[in-house]
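Asks: This is target.pdb (PDB, C-alpha atoms (C1' of nucleotides)).
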```
ATOM      1  CA  MET A   1       0.000   0.000   0.000
ATOM      2  CA  ALA A   2       2.368   2.573  -1.181
ATOM      3  CA  VAL A   3       1.705   6.218  -1.557
ATOM      4  CA  HIS A   4       1.385   7.010  -5.178
ATOM      5  CA  LYS A   5       1.852  10.673  -4.833
ATOM      6  CA  LYS A   6       3.421  12.610  -2.086
ATOM      7  CA  LYS A   7       1.188  15.331  -0.764
ATOM      8  CA  PRO A   8       2.273  18.835  -1.645
ATOM      9  CA  VAL A   9       1.720  19.886   1.923
ATOM     10  CA  GLU A  10       1.376  18.038   5.208
ATOM     11  CA  ASN A  11       4.847  18.860   6.386
ATOM     12  CA  ASN A  12       5.869  19.660   9.908
ATOM     13  CA  PHE A  13       6.560  23.176   8.831
ATOM     14  CA  PHE A  14       3.137  23.701   7.316
ATOM     15  CA  SER A  15       1.356  22.030  10.200
ATOM     16  CA  ASP A  16       3.247  24.210  12.607
ATOM     17  CA  VAL A  17       2.235  27.304  10.689
ATOM     18  CA  TYR A  18      -1.415  26.300  10.862
ATOM     19  CA  GLU A  19      -1.086  25.553  14.522
ATOM     20  CA  VAL A  20       0.388  28.934  15.321
ATOM     21  CA  VAL A  21      -2.146  30.793  13.189
ATOM     22  CA  LYS A  22      -4.964  28.938  14.887
ATOM     23  CA  LEU A  23      -3.580  30.119  18.206
ATOM     24  CA  ILE A  24      -3.901  33.750  17.211
ATOM     25  CA  PRO A  25      -6.417  35.339  19.587
ATOM     26  CA  LYS A  26      -9.442  37.072  18.181
ATOM     27  CA  GLY A  27      -8.859  40.702  17.385
ATOM     28  CA  ARG A  28      -5.129  40.082  17.014
ATOM     29  CA  VAL A  29      -2.939  39.705  13.959
ATOM     30  CA  THR A  30       0.553  38.563  13.160
ATOM     31  CA  SER A  31       2.975  38.653  10.276
ATOM     32  CA  TYR A  32       4.343  35.903   8.069
ATOM     33  CA  GLY A  33       7.851  36.777   9.169
ATOM     34  CA  ALA A  34       6.881  36.507  12.843
ATOM     35  CA  ILE A  35       5.562  32.999  12.315
ATOM     36  CA  ALA A  36       8.554  32.061  10.236
ATOM     37  CA  HIS A  37      10.852  33.387  12.914
ATOM     38  CA  TYR A  38       8.960  31.486  15.582
ATOM     39  CA  LEU A  39       9.421  28.294  13.587
ATOM     40  CA  GLY A  40      13.072  29.095  13.175
ATOM     41  CA  THR A  41      12.800  29.835   9.473
ATOM     42  CA  LYS A  42      13.257  33.547   9.694
ATOM     43  CA  SER A  43      13.939  33.728   5.982
ATOM     44  CA  GLY A  44      10.971  31.562   5.186
ATOM     45  CA  ALA A  45       8.336  34.232   5.459
ATOM     46  CA  ARG A  46       7.366  33.432   1.886
ATOM     47  CA  MET A  47       6.940  29.792   2.761
ATOM     48  CA  VAL A  48       4.494  30.767   5.459
ATOM     49  CA  GLY A  49       2.412  32.523   2.852
ATOM     50  CA  TRP A  50       2.755  29.489   0.634
ATOM     51  CA  ALA A  51       1.560  27.315   3.457
ATOM     52  CA  MET A  52      -1.562  29.418   3.669
ATOM     53  CA  HIS A  53      -2.305  28.453   0.126
ATOM     54  CA  GLY A  54      -3.880  25.286   1.440
ATOM     55  CA  CYS A  55      -4.979  26.723   4.740
ATOM     56  CA  PRO A  56      -8.004  24.870   6.149
ATOM     57  CA  LYS A  57     -11.018  26.768   7.450
ATOM     58  CA  ASP A  58      -9.680  26.187  10.922
ATOM     59  CA  VAL A  59      -6.878  28.552  10.096
ATOM     60  CA  PRO A  60      -7.802  32.230  10.415
ATOM     61  CA  ALA A  61      -5.527  33.319   7.598
ATOM     62  CA  HIS A  62      -7.202  36.706   7.657
ATOM     63  CA  ARG A  63      -5.312  37.370  10.872
ATOM     64  CA  VAL A  64      -2.010  36.969   9.103
ATOM     65  CA  VAL A  65      -0.617  39.960   7.255
ATOM     66  CA  ASN A  66       2.768  41.139   6.106
ATOM     67  CA  SER A  67       5.230  43.086   8.232
ATOM     68  CA  SER A  68       3.671  46.326   7.000
ATOM     69  CA  GLY A  69       0.280  45.420   8.380
ATOM     70  CA  LEU A  70      -1.029  45.255   4.839
ATOM     71  CA  LEU A  71      -3.671  42.709   3.912
ATOM     72  CA  THR A  72      -1.553  41.330   1.115
ATOM     73  CA  GLY A  73      -3.352  38.013   1.056
ATOM     74  CA  LYS A  74      -6.844  39.403   0.829
ATOM     75  CA  HIS A  75      -6.780  38.813  -2.891
ATOM     76  CA  HIS A  76      -6.398  35.092  -2.314
ATOM     77  CA  PHE A  77      -9.558  34.761  -0.295
ATOM     78  CA  LYS A  78     -12.786  33.599  -1.779
ATOM     79  CA  ASN A  79     -13.851  37.210  -1.610
ATOM     80  CA  ALA A  80     -11.272  39.938  -1.513
ATOM     81  CA  GLN A  81     -13.305  41.751   1.123
ATOM     82  CA  THR A  82     -13.517  38.756   3.437
ATOM     83  CA  MET A  83     -10.192  39.514   5.046
ATOM     84  CA  GLU A  84     -10.673  43.148   5.976
ATOM     85  CA  LYS A  85     -14.322  42.563   6.693
ATOM     86  CA  ARG A  86     -13.525  39.803   9.114
ATOM     87  CA  LEU A  87     -10.765  41.799  10.762
ATOM     88  CA  LYS A  88     -13.027  44.781  11.211
ATOM     89  CA  ARG A  89     -15.625  42.462  12.645
ATOM     90  CA  GLU A  90     -13.108  41.404  15.253
ATOM     91  CA  GLY A  91     -12.426  44.986  16.200
ATOM     92  CA  VAL A  92      -9.357  45.556  14.065
ATOM     93  CA  LYS A  93      -9.216  48.933  12.400
ATOM     94  CA  VAL A  94      -8.595  48.344   8.730
ATOM     95  CA  LEU A  95      -8.357  51.181   6.262
ATOM     96  CA  ASN A  96      -7.411  50.862   2.639
ATOM     97  CA  ASP A  97      -6.432  47.219   3.153
ATOM     98  CA  LYS A  98      -4.106  48.253   5.922
ATOM     99  CA  ILE A  99      -4.302  47.698   9.652
ATOM    100  CA  MET A 100      -4.191  51.026  11.427
ATOM    101  CA  THR A 101      -3.648  49.574  14.880
ATOM    102  CA  PHE A 102      -1.249  46.973  13.589
ATOM    103  CA  LYS A 103       1.325  47.554  16.320
ATOM    104  CA  GLU A 104      -1.436  47.410  18.893
ATOM    105  CA  VAL A 105      -3.076  44.241  17.664
ATOM    106  CA  PHE A 106       0.160  42.586  16.665
ATOM    107  CA  TRP A 107       0.503  39.168  18.243
ATOM    108  CA  ASN A 108       4.012  37.838  18.501
ATOM    109  CA  PRO A 109       4.086  34.011  18.819
ATOM    110  CA  SER A 110       7.663  34.082  20.040
ATOM    111  CA  GLU A 111       6.540  36.260  22.954
ATOM    112  CA  GLU A 112       3.075  34.915  23.648
ATOM    113  CA  LEU A 113       3.752  31.243  22.992
ATOM    114  CA  ALA A 114       7.405  31.445  23.906
TER
ATOM    115  C1'  DA B   1      15.739  19.473 -15.935
ATOM    116  C1'  DA B   2      15.627  24.479 -15.912
ATOM    117  C1'  DT B   3      13.397  28.764 -15.036
ATOM    118  C1'  DC B   4       9.945  31.946 -12.936
ATOM    119  C1'  DT B   5       6.851  33.081  -9.972
ATOM    120  C1'  DG B   6       5.017  33.878  -5.282
ATOM    121  C1'  DA B   7       0.082  35.528   0.766
ATOM    122  C1'  DC B   8       7.705  38.399   2.532
ATOM    123  C1'  DG B   9      11.499  40.732   4.831
ATOM    124  C1'  DG B  10      15.363  43.392   5.360
ATOM    125  C1'  DG B  11      19.047  46.299   3.563
ATOM    126  C1'  DC B  12      20.687  49.900   0.716
ATOM    127  C1'  DA B  13      20.289  54.184  -2.544
TER
ATOM    128  C1'  DG C   1      10.830  58.815   4.492
ATOM    129  C1'  DT C   2      10.245  56.302   0.148
ATOM    130  C1'  DG C   3      11.665  53.224  -3.454
ATOM    131  C1'  DC C   4      14.279  49.538  -5.382
ATOM    132  C1'  DC C   5      17.013  45.198  -5.123
ATOM    133  C1'  DC C   6      18.487  40.952  -3.230
ATOM    134  C1'  DG C   7      17.867  36.811  -0.573
ATOM    135  C1'  DC C   8      15.057  32.414   0.737
ATOM    136  C1'  DC C   9      12.308  27.911  -0.124
ATOM    137  C1'  DA C  10       9.134  25.451  -2.528
ATOM    138  C1'  DG C  11       5.803  24.697  -6.074
ATOM    139  C1'  DA C  12       4.172  25.178 -10.867
ATOM    140  C1'  DT C  13       5.002  25.455 -15.857
TER
END
```
Show how you would write the structure in this file as structure tokens.
Replies:
Amino acid sequence: MAVHKKKPVENNFFSDVYEVVKLIPKGRVTSYGAIAHYLGTKSGARMVGWAMHGCPKDVPAHRVVNSSGLLTGKHHFKNAQTMEKRLKREGVKVLNDKIMTFKEVFWNPSEELA
DNA sequence: AATCTGACGGGCA
DNA sequence: GTGCCCGCCAGAT
């Protein structure tokens, strides 16, 4: 019973990313680089974004933005407005696809999860 | 097999 | 302070 094809995802790295993102409290956000750094792959910020490509519904990807607080991934959602809409719904001030209170709602896994 | 792109980040001009 | 370029890892063509 051999595996015909290796799954594109399902790696420890990806699973860890999902796990961390799922741990993001409501009304808080984090950056790809922060997650990457927490996992030890500080240069793998891109990979974190790639991991989100197959992010399950359990993963609040809308709470993950780039280091600028910009909703870069909003275009990848089913609806481009889902991301900012959901963030606003959680109390996050989003204007022009950018989080105004980014520094205030920023959630650092390396500090919170340690 | 080789090349380019891609949900990023940081450094330098 | 803003803009551009390079680096990183993996997947897709």
Asks: How close does each residue of chain B get to chain A, giving the shortest atom pair and distance in Å to one decimal for every residue with an atom at most 7 Å away, counting all atoms listed in the file, sorted by chain and residue number, as a Markdown table?
Replies:
```
| residue | atom | partner | partner_atom | distance |
| --- | --- | --- | --- | --- |
| B:DA7 | C1' | A:Gly73 | CA | 4.2 |
| B:DC8 | C1' | A:Arg46 | CA | 5.0 |
| B:DG9 | C1' | A:Gly33 | CA | 6.9 |
```
Asks: Go through the shown structure with the PyMOL selection byres ((chain C) within 9 of (chain A)) and write out the matching residues as a compact mmCIF listing (two decimals) with C-alpha atoms (C1' of nucleotides), keeping the file's coordinate frame.
Replies:
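For reference, selection-v9.txt as written:
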```txt
# COMPACT_ATOMS: atom_id res chain seq x y z
C1' DG C 7 17.87 36.81 -0.57
C1' DC C 8 15.06 32.41 0.74
C1' DC C 9 12.31 27.91 -0.12
C1' DA C 10 9.13 25.45 -2.53
C1' DG C 11 5.80 24.70 -6.07
```
Asks: Could you jot down the C1' of DC5 (chain C) to CA of Thr30 (chain A) separation for me, Å, one decimal place?
Replies: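 Between C1' of DC5 (chain C) and CA of Thr30 (chain A) the gap is 25.5 Å.
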Asks: Pick out the residues sitting within 10 Å of Asp58 (chain A), and hand them over as a PyMOL selection string; count only C-alpha atoms (C1' of nucleotides), and ignore anything fewer than 3 positions along from it in its own chain.
Replies: chain A and resi 18-19+21-22+55+61
Asks: To one decimal place in Å, what is the distance between CA of Ala114 (chain A) and CA of His37 (chain A)?
Replies: 11.7 Å
Asks: Report, in Å to a single decimal, how far apart CA of Pro56 (chain A) and CA of Phe13 (chain A) are.
Replies: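 These atoms are spaced 14.9 Å apart.
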Asks: Got a sec to resolve the PyMOL selection byres ((chain A and resi 90) around 12) on this structure and send the residues as a VMD selection string?
Replies: chain A and resid 25 to 29 60 62 to 63 83 to 89 91 to 94 105
Asks: Residues picked by the PyMOL selection byres ((chain C and resi 1-4) around 10) here, as a list in words?
Replies: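 So the PyMOL selection byres ((chain C and resi 1-4) around 10), applied here, picks out DC12 and DA13 of chain B; DC5 and DC6 of chain C.
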Asks: Give as a PyMOL selection string each residue that has an atom at most 12 Å from (3.3, 24.6, -17.5) in the file, counting all atoms listed in the file.
Replies: (chain B and resi 3-5) or (chain C and resi 11-13)
